[in-house]
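Here's model-v8.cif, which has mmCIF, C-alpha atoms and all ligand atoms:
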```
data_upload
loop_
_atom_site.label_atom_id
_atom_site.label_comp_id
_atom_site.auth_asym_id
_atom_site.auth_seq_id
_atom_site.Cartn_x
_atom_site.Cartn_y
_atom_site.Cartn_z
CA MET M 27 -9.40 14.18 -1.18
CA SER M 28 -7.20 16.91 0.21
CA GLY M 29 -4.01 15.35 -1.05
CA VAL M 30 -2.56 15.16 2.46
CA ARG M 31 -0.66 11.87 2.74
CA ILE M 32 -0.56 10.19 6.15
CA ASP M 33 1.22 6.93 7.07
CA LEU M 34 0.52 5.91 10.67
CA HIS M 35 2.64 2.76 11.14
CA THR M 36 6.43 2.54 10.60
CA HIS M 37 9.41 0.89 12.30
CA SER M 38 12.99 2.14 12.69
CA SER M 39 16.20 0.39 13.77
CA VAL M 40 15.17 1.09 17.36
CA SER M 41 13.02 -2.01 16.82
CA ASP M 42 13.02 -4.28 13.77
CA GLY M 43 13.28 -1.78 10.91
CA THR M 44 16.55 -0.90 9.16
CA ASP M 45 16.37 2.94 8.90
CA SER M 46 17.53 4.93 11.91
CA PRO M 47 14.77 7.24 13.22
CA ALA M 48 16.50 10.19 11.50
CA GLU M 49 16.73 8.29 8.20
CA LEU M 50 13.10 7.27 8.53
CA VAL M 51 11.74 10.81 8.86
CA ALA M 52 13.99 11.93 5.97
CA ALA M 53 12.70 9.06 3.83
CA ALA M 54 9.10 9.92 4.79
CA ALA M 55 9.54 13.52 3.61
CA ALA M 56 11.34 12.38 0.44
CA SER M 57 8.49 9.99 -0.38
CA GLY M 58 5.98 12.84 -0.23
CA LEU M 59 4.32 12.10 3.09
CA ASP M 60 2.84 15.00 5.08
CA VAL M 61 2.37 13.02 8.30
CA VAL M 62 4.27 9.97 9.56
CA ALA M 63 3.92 8.01 12.78
CA LEU M 64 6.94 6.25 14.28
CA THR M 65 5.60 3.07 15.91
CA ASP M 66 8.51 0.91 17.01
CA HIS M 67 7.63 -2.33 18.79
CA ASP M 68 7.31 -1.84 22.55
CA THR M 69 9.55 1.22 22.81
CA THR M 70 9.56 5.01 22.56
CA LYS M 71 13.38 5.11 22.36
CA GLY M 72 13.34 6.50 18.81
CA TRP M 73 11.15 9.52 19.54
CA ALA M 74 13.97 11.93 20.44
CA ALA M 75 16.11 11.22 17.37
CA ALA M 76 13.09 11.39 15.02
CA THR M 77 12.07 14.71 16.60
CA ALA M 78 15.58 16.17 16.34
CA ALA M 79 15.82 15.22 12.65
CA LEU M 80 12.25 16.16 11.63
CA PRO M 81 12.35 17.77 8.16
CA ASP M 82 10.47 21.06 7.57
CA GLY M 83 6.85 20.48 6.66
CA LEU M 84 6.58 16.89 7.94
CA GLU M 85 4.36 16.15 10.91
CA LEU M 86 5.54 13.48 13.36
CA VAL M 87 3.10 11.39 15.36
CA ARG M 88 5.00 9.78 18.19
CA GLY M 89 3.77 6.26 18.83
CA ALA M 90 4.58 2.62 19.47
CA GLU M 91 3.23 -0.79 18.50
CA LEU M 92 2.43 -2.89 21.55
CA SER M 93 2.60 -6.69 21.39
CA CYS M 94 -0.43 -7.95 23.28
CA THR M 95 -2.16 -11.17 24.13
CA SER M 96 -5.93 -11.35 23.63
CA PRO M 97 -8.80 -13.78 23.82
CA ASP M 98 -9.29 -14.92 20.22
CA GLY M 99 -13.09 -15.22 20.50
CA ARG M 100 -12.93 -18.98 19.83
CA GLY M 101 -12.05 -20.11 23.34
CA GLY M 102 -8.29 -19.59 22.96
CA THR M 103 -5.84 -16.72 22.98
CA CYS M 104 -3.78 -15.08 20.28
CA THR M 105 -1.35 -12.22 19.70
CA VAL M 106 -2.69 -8.83 18.67
CA HIS M 107 -0.74 -5.67 17.94
CA VAL M 108 -2.04 -2.36 19.28
CA LEU M 109 -0.80 0.89 17.78
CA ALA M 110 -0.55 3.54 20.48
CA TYR M 111 -0.21 7.22 19.64
CA LEU M 112 0.48 10.49 21.43
CA PHE M 113 0.69 9.05 24.97
CA ASP M 114 2.91 10.41 27.73
CA PRO M 115 6.10 8.30 27.38
CA ASP M 116 7.02 8.92 31.03
CA SER M 117 3.85 7.30 32.38
CA GLU M 118 5.17 4.92 35.01
CA PRO M 119 3.18 1.77 34.04
CA ILE M 120 4.17 2.21 30.39
CA VAL M 121 7.86 2.68 31.21
CA ALA M 122 7.78 -0.43 33.43
CA GLU M 123 5.95 -2.60 30.90
CA GLN M 124 8.16 -1.56 27.99
CA HIS M 125 11.25 -2.29 30.10
CA ARG M 126 9.88 -5.75 30.95
CA LEU M 127 9.04 -6.49 27.30
CA ARG M 128 12.45 -5.44 26.02
CA GLY M 129 14.08 -7.84 28.50
CA GLU M 130 11.66 -10.58 27.49
CA ARG M 131 12.40 -9.97 23.80
CA ARG M 132 16.18 -10.16 24.32
CA GLN M 133 16.04 -13.36 26.34
CA ARG M 134 13.80 -14.96 23.76
CA LEU M 135 16.00 -13.92 20.81
CA ARG M 136 19.02 -15.35 22.62
CA ARG M 137 17.21 -18.66 23.20
CA MET M 138 16.11 -18.85 19.56
CA ALA M 139 19.71 -18.19 18.42
CA ASP M 140 21.05 -20.78 20.88
CA ARG M 141 18.67 -23.37 19.47
CA MET M 142 19.87 -22.64 15.93
CA ARG M 143 23.49 -23.03 16.96
CA ALA M 144 22.68 -26.26 18.81
CA ASP M 145 21.23 -27.58 15.54
CA GLY M 146 24.48 -26.76 13.77
CA LEU M 147 23.31 -23.65 11.91
CA PRO M 148 26.14 -21.10 11.45
CA ILE M 149 24.61 -18.53 13.81
CA ASP M 150 26.68 -16.89 16.56
CA PRO M 151 24.24 -15.94 19.38
CA ASP M 152 26.75 -13.50 20.93
CA ASP M 153 27.12 -11.68 17.62
CA VAL M 154 23.33 -11.50 17.15
CA MET M 155 22.94 -9.94 20.60
CA GLU M 156 25.89 -7.56 20.27
CA ARG M 157 24.49 -6.06 17.08
CA LEU M 158 21.30 -4.89 18.83
CA PRO M 159 21.43 -1.14 19.51
CA ALA M 160 21.32 -0.25 23.22
CA GLY M 161 17.76 -0.02 24.50
CA SER M 162 16.25 -1.33 21.27
CA SER M 163 13.46 -3.90 20.95
CA ALA M 164 14.78 -7.24 19.70
CA GLY M 165 12.62 -9.23 17.33
CA ARG M 166 12.64 -12.16 14.95
CA PRO M 167 13.75 -9.92 12.04
CA HIS M 168 17.12 -9.55 13.82
CA LEU M 169 17.57 -13.30 13.60
CA ALA M 170 16.32 -13.22 10.00
CA MET M 171 19.08 -10.74 9.17
CA ALA M 172 21.63 -13.04 10.82
CA LEU M 173 20.39 -15.98 8.73
CA GLN M 174 20.71 -13.78 5.64
CA ARG M 175 24.28 -12.72 6.58
CA ALA M 176 25.14 -16.39 7.04
CA GLY M 177 23.93 -17.04 3.49
CA LEU M 178 21.21 -19.46 4.61
CA VAL M 179 18.40 -17.38 3.12
CA GLY M 180 18.15 -14.69 0.47
CA SER M 181 15.71 -12.43 2.30
CA VAL M 182 14.03 -11.73 5.64
CA GLY M 183 10.78 -13.06 4.19
CA GLU M 184 12.46 -16.35 3.27
CA ALA M 185 13.91 -16.58 6.80
CA PHE M 186 10.37 -16.34 8.19
CA ASP M 187 9.06 -18.94 5.74
CA ARG M 188 11.84 -21.44 6.47
CA TYR M 189 12.90 -20.82 10.09
CA LEU M 190 11.00 -18.18 12.04
CA HIS M 191 7.26 -18.54 11.34
CA ASN M 192 4.84 -18.97 14.26
CA GLY M 193 4.88 -22.53 15.49
CA GLY M 194 8.09 -23.38 13.60
CA ARG M 195 11.08 -25.17 15.16
CA TYR M 196 12.82 -21.90 16.07
CA TYR M 197 9.74 -19.96 17.16
CA LEU M 198 9.48 -19.18 20.85
CA PRO M 199 6.57 -17.30 22.40
CA LYS M 200 7.00 -14.31 24.71
CA ALA M 201 4.86 -12.97 27.54
CA ASP M 202 3.04 -10.06 25.90
CA THR M 203 0.82 -7.44 27.55
CA PRO M 204 -2.84 -8.39 28.12
CA VAL M 205 -4.65 -6.28 25.54
CA HIS M 206 -7.12 -4.71 27.98
CA ASP M 207 -4.21 -3.57 30.18
CA ALA M 208 -2.47 -2.05 27.16
CA ILE M 209 -5.55 -0.06 26.09
CA ARG M 210 -6.15 1.18 29.63
CA MET M 211 -2.49 2.10 30.15
CA ILE M 212 -2.36 4.14 26.96
CA ASN M 213 -5.69 5.86 27.59
CA GLU M 214 -4.62 6.76 31.13
CA ALA M 215 -1.42 8.27 29.67
CA GLY M 216 -3.47 10.53 27.36
CA GLY M 217 -2.93 8.46 24.23
CA VAL M 218 -5.15 6.70 21.71
CA THR M 219 -5.04 3.09 20.50
CA VAL M 220 -5.68 1.55 17.08
CA LEU M 221 -5.91 -2.19 16.49
CA ALA M 222 -3.17 -3.11 13.97
CA HIS M 223 -3.60 -5.57 11.04
CA ALA M 224 -6.33 -7.44 12.95
CA PHE M 225 -7.33 -9.74 10.09
CA ALA M 226 -3.85 -10.48 8.69
CA THR M 227 -4.35 -14.23 8.65
CA THR M 228 -0.88 -14.93 7.22
CA ARG M 229 0.59 -13.92 10.59
CA GLY M 230 -1.15 -16.64 12.59
CA ARG M 231 -4.40 -16.81 14.54
CA THR M 232 -6.60 -13.72 14.47
CA VAL M 233 -9.43 -12.43 16.67
CA THR M 234 -13.12 -12.57 15.82
CA ALA M 235 -15.27 -9.50 15.20
CA ASP M 236 -16.81 -9.99 18.66
CA VAL M 237 -13.40 -9.54 20.29
CA ILE M 238 -12.98 -6.24 18.42
CA ARG M 239 -16.44 -5.16 19.64
CA ASP M 240 -15.28 -5.92 23.18
CA LEU M 241 -12.02 -3.97 22.70
CA ALA M 242 -14.00 -1.00 21.40
CA ALA M 243 -16.10 -1.10 24.57
CA ALA M 244 -12.84 -1.19 26.54
CA GLY M 245 -11.59 2.05 24.96
CA LEU M 246 -10.01 1.12 21.63
CA ALA M 247 -10.09 4.30 19.48
CA GLY M 248 -9.62 3.03 15.91
CA ILE M 249 -9.04 0.14 13.52
CA GLU M 250 -6.23 -0.21 10.97
CA VAL M 251 -8.04 -1.31 7.82
CA ASP M 252 -5.73 -0.58 4.89
CA HIS M 253 -2.63 -2.64 5.65
CA PRO M 254 -0.48 -4.55 3.12
CA ASP M 255 -1.28 -7.87 4.82
CA HIS M 256 -5.07 -7.40 4.56
CA THR M 257 -6.96 -8.93 1.65
CA PRO M 258 -9.75 -6.90 0.02
CA ALA M 259 -12.28 -9.09 1.86
CA ALA M 260 -10.57 -8.48 5.23
CA ARG M 261 -10.63 -4.72 4.55
CA ASP M 262 -14.34 -4.79 3.68
CA GLU M 263 -15.17 -6.70 6.84
CA LEU M 264 -13.10 -4.42 9.10
CA ARG M 265 -14.45 -1.25 7.46
CA ALA M 266 -18.01 -2.42 8.09
CA LEU M 267 -17.14 -3.27 11.70
CA ALA M 268 -15.57 0.16 12.24
CA ALA M 269 -18.70 1.80 10.84
CA GLU M 270 -20.88 -0.28 13.17
CA LEU M 271 -18.71 0.73 16.14
CA ASP M 272 -18.38 4.35 14.98
CA LEU M 273 -14.57 4.11 15.08
CA PRO M 274 -12.18 5.87 12.69
CA VAL M 275 -10.21 3.64 10.30
CA THR M 276 -6.57 4.05 9.34
CA GLY M 277 -4.28 2.97 6.53
CA SER M 278 -0.55 2.43 6.90
CA SER M 279 2.43 0.76 5.26
CA ASP M 280 3.97 -0.95 8.33
CA TYR M 281 7.30 0.08 6.78
CA HIS M 282 10.37 -1.79 8.10
CA GLY M 283 13.08 -0.41 5.75
CA ARG M 284 14.90 -3.22 3.93
CA ASN M 285 13.30 -5.87 6.17
CA LYS M 286 10.01 -5.80 4.23
CA VAL M 287 9.09 -5.11 0.64
CA VAL M 288 6.49 -2.40 1.45
CA ARG M 289 7.15 1.28 0.65
CA LEU M 290 6.50 4.27 2.93
CA GLY M 291 3.07 5.66 2.08
CA GLN M 292 2.05 2.46 0.27
CA GLU M 293 -1.21 2.68 2.26
CA THR M 294 -2.45 5.94 3.76
CA THR M 295 -4.97 7.34 6.25
CA ASP M 296 -7.76 9.79 5.40
CA PRO M 297 -6.95 13.16 7.07
CA ALA M 298 -10.43 13.38 8.62
CA MET M 299 -9.91 9.99 10.26
CA PHE M 300 -6.51 11.06 11.58
CA ASP M 301 -7.97 14.30 12.95
CA GLN M 302 -10.61 12.30 14.86
CA LEU M 303 -7.92 10.19 16.48
CA ALA M 304 -5.57 13.07 17.27
CA ALA M 305 -8.42 15.09 18.79
CA ARG M 306 -8.87 12.40 21.46
CA ALA M 307 -5.22 12.48 22.58
CA THR M 308 -3.91 14.64 25.41
CA GLY M 309 -0.55 12.99 26.19
CA VAL M 310 1.89 14.62 23.74
CA ALA M 311 1.29 16.81 20.68
CA VAL M 312 1.75 16.07 16.99
CA LEU M 313 5.06 17.74 16.13
CA GLY M 314 6.07 19.92 13.19
CA GLY M 315 4.39 20.40 9.85
CA ARG M 316 2.39 23.28 8.50
CA ALA M 317 -0.99 24.28 9.85
CA ARG M 318 -3.64 22.38 7.91
P1 LIG G 401 8.43 -10.69 16.90
O1 LIG G 401 7.95 -9.34 17.35
O2 LIG G 401 9.83 -10.96 17.32
O3 LIG G 401 7.49 -11.81 17.21
O4 LIG G 401 8.53 -10.63 15.31
C1 LIG G 401 7.41 -10.21 14.57
C2 LIG G 401 7.86 -9.21 13.51
O5 LIG G 401 8.46 -9.92 12.45
C3 LIG G 401 6.72 -8.43 12.90
O6 LIG G 401 6.56 -7.21 13.53
C4 LIG G 401 7.18 -8.20 11.49
O7 LIG G 401 7.94 -7.02 11.47
C5 LIG G 401 8.15 -9.29 11.22
N1 LIG G 401 7.61 -10.33 10.32
C6 LIG G 401 6.69 -11.26 10.59
N2 LIG G 401 6.48 -12.06 9.51
C7 LIG G 401 7.32 -11.61 8.54
C8 LIG G 401 7.58 -12.00 7.19
N3 LIG G 401 6.96 -13.03 6.62
N4 LIG G 401 8.49 -11.29 6.50
C9 LIG G 401 9.14 -10.25 7.06
N5 LIG G 401 8.92 -9.84 8.32
C10 LIG G 401 8.03 -10.50 9.05
FE FE G 402 8.01 -5.60 13.08
FE FE G 403 2.46 -5.50 13.85
ZN ZN G 404 4.32 -3.01 12.71
#
```
Would you mind writing the file out in structure tokens?
Ligand code: AMP
Ligand code: FE
Ligand code: FE
Ligand code: ZN
Amino acid sequence: MSGVRIDLHTHSSVSDGTDSPAELVAAAAASGLDVVALTDHDTTKGWAAATAALPDGLELVRGAELSCTSPDGRGGTCTVHVLAYLFDPDSEPIVAEQHRLRGERRQRLRRMADRMRADGLPIDPDDVMERLPAGSSAGRPHLAMALQRAGLVGSVGEAFDRYLHNGGRYYLPKADTPVHDAIRMINEAGGVTVLAHAFATTRGRTVTADVIRDLAAAGLAGIEVDHPDHTPAARDELRALAAELDLPVTGSSDYHGRNKVVRLGQETTDPAMFDQLAARATGVAVLGGRAR
């Protein structure tokens, strides 16, 4: 191993993490990473601040994590997350879809908060909404933090277990991007896509291997294998699938600051795998760092 440490999946306060983009890149450098990707949910709003604050020697991969809906391979549909890297953020279909999703996310958060208040929980929906930074992507962790502030739960994880899990009383779905559209949109904007935490069964329904084969045929460029929510068996299965499909694999922490227990760089990506992915992208460049 070359010793180069690469973490390709992190969230800032521009979506549901707690570090500002500037704090996130500082924390990435302090934790010994050489390359970090900023992948906020459904927005590129944090790119400018992360770029402006980029510490010497750290490479920044500008990205996003797209919430998508997919056939699950069993006759139904399910949610999948697609990591998108190095695409042109001004591509018109991407700008339009991210704008739509941010609106969808805010409306849904408001409705979830309203339902809690209607049940008598000490949640102020106006306060929840006012705390969201302008242009940010609202998500369930924002409601989890409100439940924590109200003293109803001790942690974001407990809020998910008791109130916010998929299918729970306060869970509401949202209209995500069809996964084939997302892959096409990112490819057309010069970017590359990686399927995130595909076999993280604790998050709800997951896709079959055949769906991933189909996504690869549709232009998916890589598979996230080493993720904190993947069991050793899930990693083995995904690694074998990636080998079959001749796709690079990645490893990432899915860091969310204080909203999750994972550390930056807890899981990392092999530099050769990252180089394969980056070589396919023509939208925007990897920023900063030293020549490797
Ligand atoms: P949403 O995008 O609003 O559906 O919320 C999903 C987000 O909630 C994910 O991106 C995770 O960041 C977070 N999340 C899901 N489950 C948990 C959990 N058990 N503990 C902490 N965060 C979670
Ligand atoms: Fe998240
Ligand atoms: Fe995700
Ligand atoms: Zn994520």
Per residue of chain M within 8 Å of ligand FE 402 (chain G), record the nearest atom pair and its distance in Å to one decimal, counting all atoms listed in the file, with rows in chain order and ascending residue number, as JSON lines.
```
{"residue": "M:His37", "atom": "CA", "partner": "G:FE402", "partner_atom": "FE", "distance": 6.7}
{"residue": "M:Ser41", "atom": "CA", "partner": "G:FE402", "partner_atom": "FE", "distance": 7.2}
{"residue": "M:Asp42", "atom": "CA", "partner": "G:FE402", "partner_atom": "FE", "distance": 5.2}
{"residue": "M:Gly43", "atom": "CA", "partner": "G:FE402", "partner_atom": "FE", "distance": 6.9}
{"residue": "M:Asp66", "atom": "CA", "partner": "G:FE402", "partner_atom": "FE", "distance": 7.6}
{"residue": "M:His67", "atom": "CA", "partner": "G:FE402", "partner_atom": "FE", "distance": 6.6}
{"residue": "M:Gly165", "atom": "CA", "partner": "G:FE402", "partner_atom": "FE", "distance": 7.2}
{"residue": "M:Pro167", "atom": "CA", "partner": "G:FE402", "partner_atom": "FE", "distance": 7.3}
{"residue": "M:Asp280", "atom": "CA", "partner": "G:FE402", "partner_atom": "FE", "distance": 7.8}
{"residue": "M:His282", "atom": "CA", "partner": "G:FE402", "partner_atom": "FE", "distance": 6.7}
```
note - CA of Ala222 in chain M and CA of Thr257 in chain M are separated by 14.1 Å
Find the nearest atom pair between each residue of chain M and ligand LIG 401 (chain G) for residues within 6 Å, count only C-alpha atoms and all ligand atoms, give distances in Å to one decimal, sort rows by chain and ascending number, and present the table as a Markdown table.
```
| residue | atom | partner | partner_atom | distance |
| --- | --- | --- | --- | --- |
| M:Gly165 | CA | G:LIG401 | O2 | 3.3 |
| M:Arg166 | CA | G:LIG401 | O2 | 3.9 |
| M:Pro167 | CA | G:LIG401 | O5 | 5.3 |
| M:Val182 | CA | G:LIG401 | C9 | 5.3 |
| M:Gly183 | CA | G:LIG401 | N4 | 3.7 |
| M:Phe186 | CA | G:LIG401 | N3 | 5.0 |
| M:Lys286 | CA | G:LIG401 | C9 | 5.3 |
```
Near-ligand residues for ligand ZN 404 (chain G), threshold 12 Å, all atoms listed in the file, as a ChimeraX atom specification: /M:33-38,41-43,63-68,89-93,106-110,165,167,220-224,226,229,250,253-255,278-283,285-286,288
Min atom-atom distance to ligand FE 403 (chain G) from the set M:Ala122, M:Cys94, M:Leu135, M:Leu173, counting all atoms listed in the file, belongs to M:Cys94
